[in-house]
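Take a look at the structure set out below.
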Amino acid sequence: MTARRLLLVNGPNLNLLGTRQPEVYGSTTLAQIEARVREVAAESSLEVRAVQSNHEGELIDAIQSAREDCAAIVINPAAYSHTSVAIADALRSVDLPVAEVHLSNIHAREEFRHHSYVSAVADMVVAGAGPFGYEMAVRYLAGRIAR
Ligand code: DQA
């Protein structure tokens, strides 16, 4: 039977959401985003394991562990989107549906944010929708898992 669990991964500095550059990232905290993700996932009888880390290796360990007991991954790799081949490779190796979320529209920002290594591995990418992007990602993945 398919696991009824999503892995929610948030990368560096996202622990500071709510107070970090609110003009760019809004005033919603990570705890509020995680709570909303759990709520939306529960509508599809999905549990959530939420991980946030400022360390690349910890994010990779969390992604690898999804192999055991998760059906899909929602990830905001934050700044590692633009630098980390290792995170993209970890996502590739677990072979689960992946939704990539960015609160801000990375394409409308500095040039170095326009490219994400993770996007090549992601099944869907949402950028610029704020916290609602996480909700869209969960709904998309719930549909993918059901199919
Ligand atoms: C981000 C965009 C990244 O460029 C940035 O480094 C982040 C957050 C976003 O959610 O908009 O930390 O992923």
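Ordering of the structure tokens sets the chain letters (A, B, ...), residue numbers begin anew at 1 in every chain, and ligands are numbered from 1 in the order given.
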
Given 8 Å and only C-alpha atoms and all ligand atoms, residues near ligand 1 as a list in words:
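Counting only what the definition allows, namely only C-alpha atoms and all ligand atoms, the set is Gly11, Pro12, Asn13, Leu14, Val24, Tyr25, Asn76, Pro77, Ala78, Ala79, Tyr80, Ser81, His82, Val101, His102, Leu103, Ser104, Asn105, Ile106, Arg113, Ala127, Gly128 and Gly130 of chain A.
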
Preceding selection exported with N, CA, C and O atoms as a PDB file, in the first residue's frame:
```pdb
ATOM      1  N   GLY A  11      14.135  24.788   3.596  1.00  0.00           N
ATOM      2  CA  GLY A  11      15.574  24.999   3.664  1.00  0.00           C
ATOM      3  C   GLY A  11      15.992  26.191   4.507  1.00  0.00           C
ATOM      4  O   GLY A  11      15.211  26.716   5.308  1.00  0.00           O
ATOM      5  N   PRO A  12      17.237  26.643   4.307  1.00  0.00           N
ATOM      6  CA  PRO A  12      17.863  27.622   5.184  1.00  0.00           C
ATOM      7  C   PRO A  12      17.128  28.951   5.266  1.00  0.00           C
ATOM      8  O   PRO A  12      16.604  29.449   4.267  1.00  0.00           O
ATOM      9  N   ASN A  13      17.108  29.460   6.479  1.00  0.00           N
ATOM     10  CA  ASN A  13      16.532  30.778   6.815  1.00  0.00           C
ATOM     11  C   ASN A  13      15.010  30.813   6.840  1.00  0.00           C
ATOM     12  O   ASN A  13      14.428  31.811   7.260  1.00  0.00           O
ATOM     13  N   LEU A  14      14.377  29.726   6.437  1.00  0.00           N
ATOM     14  CA  LEU A  14      12.907  29.730   6.447  1.00  0.00           C
ATOM     15  C   LEU A  14      12.366  29.589   7.864  1.00  0.00           C
ATOM     16  O   LEU A  14      11.193  29.867   8.114  1.00  0.00           O
ATOM     17  N   VAL A  24       9.309  40.833   1.343  1.00  0.00           N
ATOM     18  CA  VAL A  24       9.523  39.825   0.287  1.00  0.00           C
ATOM     19  C   VAL A  24       8.765  38.538   0.622  1.00  0.00           C
ATOM     20  O   VAL A  24       8.114  37.944  -0.239  1.00  0.00           O
ATOM     21  N   TYR A  25       8.854  38.111   1.883  1.00  0.00           N
ATOM     22  CA  TYR A  25       8.353  36.781   2.240  1.00  0.00           C
ATOM     23  C   TYR A  25       7.050  36.796   3.039  1.00  0.00           C
ATOM     24  O   TYR A  25       6.514  35.744   3.366  1.00  0.00           O
ATOM     25  N   ASN A  76      10.659  23.566  -0.234  1.00  0.00           N
ATOM     26  CA  ASN A  76      11.162  24.900  -0.538  1.00  0.00           C
ATOM     27  C   ASN A  76      12.647  24.856  -0.169  1.00  0.00           C
ATOM     28  O   ASN A  76      13.002  24.959   1.010  1.00  0.00           O
ATOM     29  N   PRO A  77      13.504  24.657  -1.160  1.00  0.00           N
ATOM     30  CA  PRO A  77      14.933  24.505  -0.864  1.00  0.00           C
ATOM     31  C   PRO A  77      15.601  25.831  -0.523  1.00  0.00           C
ATOM     32  O   PRO A  77      16.806  25.857  -0.250  1.00  0.00           O
ATOM     33  N   ALA A  78      14.838  26.936  -0.589  1.00  0.00           N
ATOM     34  CA  ALA A  78      15.355  28.282  -0.289  1.00  0.00           C
ATOM     35  C   ALA A  78      16.622  28.543  -1.106  1.00  0.00           C
ATOM     36  O   ALA A  78      16.666  28.187  -2.280  1.00  0.00           O
ATOM     37  N   ALA A  79      17.660  29.102  -0.503  1.00  0.00           N
ATOM     38  CA  ALA A  79      18.849  29.481  -1.282  1.00  0.00           C
ATOM     39  C   ALA A  79      19.539  28.268  -1.920  1.00  0.00           C
ATOM     40  O   ALA A  79      20.215  28.404  -2.947  1.00  0.00           O
ATOM     41  N   TYR A  80      19.350  27.079  -1.327  1.00  0.00           N
ATOM     42  CA  TYR A  80      19.979  25.885  -1.924  1.00  0.00           C
ATOM     43  C   TYR A  80      19.383  25.531  -3.280  1.00  0.00           C
ATOM     44  O   TYR A  80      19.987  24.776  -4.042  1.00  0.00           O
ATOM     45  N   SER A  81      18.208  26.084  -3.591  1.00  0.00           N
ATOM     46  CA  SER A  81      17.630  25.877  -4.932  1.00  0.00           C
ATOM     47  C   SER A  81      18.645  26.245  -6.001  1.00  0.00           C
ATOM     48  O   SER A  81      18.756  25.577  -7.028  1.00  0.00           O
ATOM     49  N   HIS A  82      19.344  27.352  -5.710  1.00  0.00           N
ATOM     50  CA  HIS A  82      20.193  27.968  -6.726  1.00  0.00           C
ATOM     51  C   HIS A  82      21.620  27.426  -6.725  1.00  0.00           C
ATOM     52  O   HIS A  82      22.417  27.805  -7.573  1.00  0.00           O
ATOM     53  N   VAL A 101       8.305  24.678  -4.013  1.00  0.00           N
ATOM     54  CA  VAL A 101       7.580  25.900  -3.653  1.00  0.00           C
ATOM     55  C   VAL A 101       8.572  27.027  -3.355  1.00  0.00           C
ATOM     56  O   VAL A 101       9.573  26.815  -2.663  1.00  0.00           O
ATOM     57  N   HIS A 102       8.261  28.209  -3.878  1.00  0.00           N
ATOM     58  CA  HIS A 102       8.952  29.436  -3.468  1.00  0.00           C
ATOM     59  C   HIS A 102       7.894  30.457  -3.102  1.00  0.00           C
ATOM     60  O   HIS A 102       6.959  30.669  -3.882  1.00  0.00           O
ATOM     61  N   LEU A 103       8.042  31.063  -1.972  1.00  0.00           N
ATOM     62  CA  LEU A 103       7.080  32.086  -1.551  1.00  0.00           C
ATOM     63  C   LEU A 103       7.100  33.266  -2.512  1.00  0.00           C
ATOM     64  O   LEU A 103       6.057  33.790  -2.910  1.00  0.00           O
ATOM     65  N   SER A 104       8.308  33.692  -2.875  1.00  0.00           N
ATOM     66  CA  SER A 104       8.458  34.843  -3.768  1.00  0.00           C
ATOM     67  C   SER A 104       8.553  34.357  -5.208  1.00  0.00           C
ATOM     68  O   SER A 104       8.830  33.180  -5.463  1.00  0.00           O
ATOM     69  N   ASN A 105       8.338  35.283  -6.131  1.00  0.00           N
ATOM     70  CA  ASN A 105       8.519  34.946  -7.547  1.00  0.00           C
ATOM     71  C   ASN A 105      10.001  35.088  -7.880  1.00  0.00           C
ATOM     72  O   ASN A 105      10.478  36.181  -8.186  1.00  0.00           O
ATOM     73  N   ILE A 106      10.718  33.971  -7.823  1.00  0.00           N
ATOM     74  CA  ILE A 106      12.176  34.007  -8.004  1.00  0.00           C
ATOM     75  C   ILE A 106      12.566  34.542  -9.390  1.00  0.00           C
ATOM     76  O   ILE A 106      13.656  35.069  -9.563  1.00  0.00           O
ATOM     77  N   ARG A 113      18.734  34.119  -8.772  1.00  0.00           N
ATOM     78  CA  ARG A 113      17.623  33.308  -8.245  1.00  0.00           C
ATOM     79  C   ARG A 113      16.790  32.686  -9.368  1.00  0.00           C
ATOM     80  O   ARG A 113      15.865  31.919  -9.109  1.00  0.00           O
ATOM     81  N   ALA A 127       5.836  29.523  -7.675  1.00  0.00           N
ATOM     82  CA  ALA A 127       6.657  30.628  -7.177  1.00  0.00           C
ATOM     83  C   ALA A 127       5.835  31.897  -7.194  1.00  0.00           C
ATOM     84  O   ALA A 127       5.177  32.195  -8.198  1.00  0.00           O
ATOM     85  N   GLY A 128       5.852  32.620  -6.089  1.00  0.00           N
ATOM     86  CA  GLY A 128       5.214  33.928  -6.071  1.00  0.00           C
ATOM     87  C   GLY A 128       3.812  33.935  -5.500  1.00  0.00           C
ATOM     88  O   GLY A 128       3.183  34.985  -5.435  1.00  0.00           O
ATOM     89  N   GLY A 130       3.109  33.112  -2.404  1.00  0.00           N
ATOM     90  CA  GLY A 130       3.175  33.221  -0.947  1.00  0.00           C
ATOM     91  C   GLY A 130       2.865  31.866  -0.318  1.00  0.00           C
ATOM     92  O   GLY A 130       3.039  30.815  -0.960  1.00  0.00           O
TER      93      GLY A 130
END
```

If I take CA of Pro97 (chain A) and CA of Arg4 (chain A), how far is one from the other in Å, to one decimal?
13.2 Å

Residues at most 8 Å from region 58-68 of chain A, counting only C-alpha atoms, excluding those fewer than 4 positions away in the same chain, as a count of residues only?
16

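Coordinates place CA of Ala99 (chain A) at a distance of 17.2 Å from CA of Asp69 (chain A).
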
What is the distance between CA of Leu141 (chain A) and CA of Val74 (chain A), in Å to one decimal?
8.3 Å

Using DSSP on the backbone coordinates, identify all residues within region 38-133 of chain A classified as helix (DSSP H, G or I); present the result as a VMD selection string.
chain A and resid 38 to 43 56 to 69 78 to 82 85 to 94 106 to 108 111 to 113 117 to 120 132 to 133

For the selection you just gave me, I'd like the residues written to a file as a CSV table (one decimal), in the first residue's frame, keeping N, CA and C atoms.
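Result file again-v6.csv:
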```
chain,number,residue,atom,x,y,z
A,38,ARG,N,-0.6,20.7,7.1
A,38,ARG,CA,-1.2,19.5,7.8
A,38,ARG,C,-2.7,19.5,7.6
A,39,GLU,N,-3.3,20.7,7.7
A,39,GLU,CA,-4.8,20.8,7.5
A,39,GLU,C,-5.2,20.3,6.1
A,40,VAL,N,-4.5,20.9,5.1
A,40,VAL,CA,-4.9,20.6,3.7
A,40,VAL,C,-4.6,19.1,3.4
A,41,ALA,N,-3.4,18.6,3.9
A,41,ALA,CA,-3.1,17.2,3.7
A,41,ALA,C,-4.1,16.3,4.3
A,42,ALA,N,-4.6,16.7,5.5
A,42,ALA,CA,-5.6,15.8,6.3
A,42,ALA,C,-6.9,15.7,5.5
A,43,GLU,N,-7.2,16.7,4.7
A,43,GLU,CA,-8.4,16.6,3.8
A,43,GLU,C,-8.3,15.4,2.9
A,56,GLU,N,22.7,21.8,4.6
A,56,GLU,CA,22.4,21.0,3.4
A,56,GLU,C,22.4,19.5,3.6
A,57,GLY,N,23.3,19.0,4.4
A,57,GLY,CA,23.4,17.5,4.7
A,57,GLY,C,22.1,17.0,5.4
A,58,GLU,N,21.6,17.8,6.3
A,58,GLU,CA,20.4,17.4,7.1
A,58,GLU,C,19.2,17.4,6.1
A,59,LEU,N,19.2,18.3,5.2
A,59,LEU,CA,18.1,18.3,4.2
A,59,LEU,C,18.2,17.0,3.4
A,60,ILE,N,19.4,16.7,3.0
A,60,ILE,CA,19.6,15.5,2.1
A,60,ILE,C,19.2,14.2,2.9
A,61,ASP,N,19.6,14.1,4.2
A,61,ASP,CA,19.2,13.0,5.0
A,61,ASP,C,17.7,12.9,5.1
A,62,ALA,N,17.0,14.0,5.3
A,62,ALA,CA,15.6,14.0,5.4
A,62,ALA,C,14.9,13.5,4.1
A,63,ILE,N,15.5,14.0,3.0
A,63,ILE,CA,14.9,13.6,1.7
A,63,ILE,C,15.2,12.1,1.5
A,64,GLN,N,16.4,11.6,1.8
A,64,GLN,CA,16.6,10.1,1.6
A,64,GLN,C,15.7,9.3,2.5
A,65,SER,N,15.3,9.8,3.7
A,65,SER,CA,14.5,9.0,4.6
A,65,SER,C,13.1,8.9,4.1
A,66,ALA,N,12.7,9.8,3.2
A,66,ALA,CA,11.3,9.8,2.6
A,66,ALA,C,11.1,8.5,1.8
A,67,ARG,N,12.1,7.9,1.3
A,67,ARG,CA,12.1,6.7,0.6
A,67,ARG,C,11.3,5.6,1.4
A,68,GLU,N,11.6,5.5,2.7
A,68,GLU,CA,11.0,4.5,3.5
A,68,GLU,C,9.5,4.6,3.7
A,69,ASP,N,9.0,5.8,3.9
A,69,ASP,CA,7.6,5.9,4.4
A,69,ASP,C,6.8,7.1,3.9
A,78,ALA,N,14.8,26.9,-0.6
A,78,ALA,CA,15.4,28.3,-0.3
A,78,ALA,C,16.6,28.5,-1.1
A,79,ALA,N,17.7,29.1,-0.5
A,79,ALA,CA,18.8,29.5,-1.3
A,79,ALA,C,19.5,28.3,-1.9
A,80,TYR,N,19.4,27.1,-1.3
A,80,TYR,CA,20.0,25.9,-1.9
A,80,TYR,C,19.4,25.5,-3.3
A,81,SER,N,18.2,26.1,-3.6
A,81,SER,CA,17.6,25.9,-4.9
A,81,SER,C,18.6,26.2,-6.0
A,82,HIS,N,19.3,27.4,-5.7
A,82,HIS,CA,20.2,28.0,-6.7
A,82,HIS,C,21.6,27.4,-6.7
A,85,VAL,N,23.4,20.9,-6.3
A,85,VAL,CA,23.3,19.7,-7.1
A,85,VAL,C,23.0,18.5,-6.2
A,86,ALA,N,23.5,18.6,-5.0
A,86,ALA,CA,23.3,17.4,-4.0
A,86,ALA,C,21.9,17.3,-3.6
A,87,ILE,N,21.2,18.3,-3.4
A,87,ILE,CA,19.8,18.2,-3.0
A,87,ILE,C,19.0,17.7,-4.2
A,88,ALA,N,19.3,18.3,-5.4
A,88,ALA,CA,18.6,17.8,-6.6
A,88,ALA,C,18.8,16.3,-6.8
A,89,ASP,N,20.1,15.9,-6.6
A,89,ASP,CA,20.4,14.4,-6.8
A,89,ASP,C,19.7,13.6,-5.7
A,90,ALA,N,19.5,14.1,-4.5
A,90,ALA,CA,18.8,13.3,-3.5
A,90,ALA,C,17.4,13.1,-3.9
A,91,LEU,N,16.8,14.2,-4.4
A,91,LEU,CA,15.4,14.1,-4.8
A,91,LEU,C,15.2,13.1,-6.0
A,92,ARG,N,16.2,13.2,-6.9
A,92,ARG,CA,16.2,12.2,-8.0
A,92,ARG,C,16.2,10.8,-7.5
A,93,SER,N,17.0,10.6,-6.5
A,93,SER,CA,17.3,9.2,-6.0
A,93,SER,C,16.1,8.6,-5.3
A,94,VAL,N,15.2,9.4,-4.7
A,94,VAL,CA,14.1,8.8,-3.9
A,94,VAL,C,13.0,8.5,-4.8
A,106,ILE,N,10.7,34.0,-7.8
A,106,ILE,CA,12.2,34.0,-8.0
A,106,ILE,C,12.6,34.5,-9.4
A,107,HIS,N,11.6,34.5,-10.3
A,107,HIS,CA,12.0,34.9,-11.7
A,107,HIS,C,11.9,36.4,-11.9
A,108,ALA,N,11.3,37.1,-10.9
A,108,ALA,CA,11.1,38.5,-10.9
A,108,ALA,C,12.2,39.2,-10.0
A,111,GLU,N,19.0,38.0,-10.8
A,111,GLU,CA,19.3,37.0,-11.8
A,111,GLU,C,19.7,35.6,-11.2
A,112,PHE,N,20.5,35.7,-10.1
A,112,PHE,CA,21.0,34.4,-9.6
A,112,PHE,C,19.9,33.5,-9.0
A,113,ARG,N,18.7,34.1,-8.8
A,113,ARG,CA,17.6,33.3,-8.2
A,113,ARG,C,16.8,32.7,-9.4
A,117,TYR,N,18.2,24.3,-9.4
A,117,TYR,CA,18.6,22.9,-9.8
A,117,TYR,C,17.4,22.0,-9.5
A,118,VAL,N,16.6,22.3,-8.5
A,118,VAL,CA,15.5,21.4,-8.1
A,118,VAL,C,14.4,21.4,-9.1
A,119,SER,N,14.2,22.4,-9.9
A,119,SER,CA,13.1,22.5,-10.8
A,119,SER,C,13.2,21.4,-11.9
A,120,ALA,N,14.5,21.0,-12.2
A,120,ALA,CA,14.6,19.9,-13.2
A,120,ALA,C,14.1,18.5,-12.7
A,132,PHE,N,0.2,30.4,0.1
A,132,PHE,CA,-0.8,29.6,-0.7
A,132,PHE,C,-0.1,28.6,-1.6
A,133,GLY,N,1.1,28.9,-2.0
A,133,GLY,CA,1.9,28.0,-2.9
A,133,GLY,C,2.0,26.6,-2.2
```

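Distances here use only C-alpha atoms; by that measure, the residue among A:Leu6, A:Val98, A:Ala31, A:Val138 closest to Asp123 (chain A) is A:Val98.
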
May I ask which of the residues A:Arg144, A:Val37, A:Gln32, A:Ala3 is the closest one to Leu17 (chain A), counting only C-alpha atoms?
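Result for the nearest residue to Leu17 (chain A): A:Gln32.
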
If you run DSSP on this backbone, which residues of region 12-63 of chain A come out as strand (DSSP E or B), and could you give them as a short mmCIF file (atom, residue, chain, number, x, y, z; two decimals) with N, CA and C atoms, in the first residue's frame?
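Wrote part_31.cif, looks like this:
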```
data_model
loop_
_atom_site.label_atom_id
_atom_site.label_comp_id
_atom_site.auth_asym_id
_atom_site.auth_seq_id
_atom_site.Cartn_x
_atom_site.Cartn_y
_atom_site.Cartn_z
N GLU A 47 -0.80 12.32 6.21
CA GLU A 47 -0.03 12.87 7.33
C GLU A 47 1.12 13.69 6.77
N VAL A 48 1.75 14.47 7.63
CA VAL A 48 2.88 15.29 7.19
C VAL A 48 4.05 15.12 8.16
N ARG A 49 5.24 14.91 7.62
CA ARG A 49 6.46 15.03 8.43
C ARG A 49 7.15 16.31 7.96
N ALA A 50 7.30 17.26 8.88
CA ALA A 50 7.86 18.56 8.52
C ALA A 50 9.29 18.67 9.03
N VAL A 51 10.17 19.07 8.13
CA VAL A 51 11.58 19.24 8.47
C VAL A 51 12.02 20.61 7.99
N GLN A 52 12.71 21.35 8.85
CA GLN A 52 13.39 22.59 8.41
C GLN A 52 14.82 22.49 8.88
#
```

Using only C-alpha atoms, which of A:Ala35, A:Leu30, A:Ser84, A:Ala137 sits nearest Asn10 (chain A)?
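Going through A:Ala35, A:Leu30, A:Ser84, A:Ala137 one by one, the smallest distance to Asn10 (chain A) is for A:Leu30.
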
Under the rule that only C-alpha atoms are counted, which of A:Arg109, A:Thr83, A:Val121, A:Leu8 is the nearest residue to Glu34 (chain A)?
A:Leu8
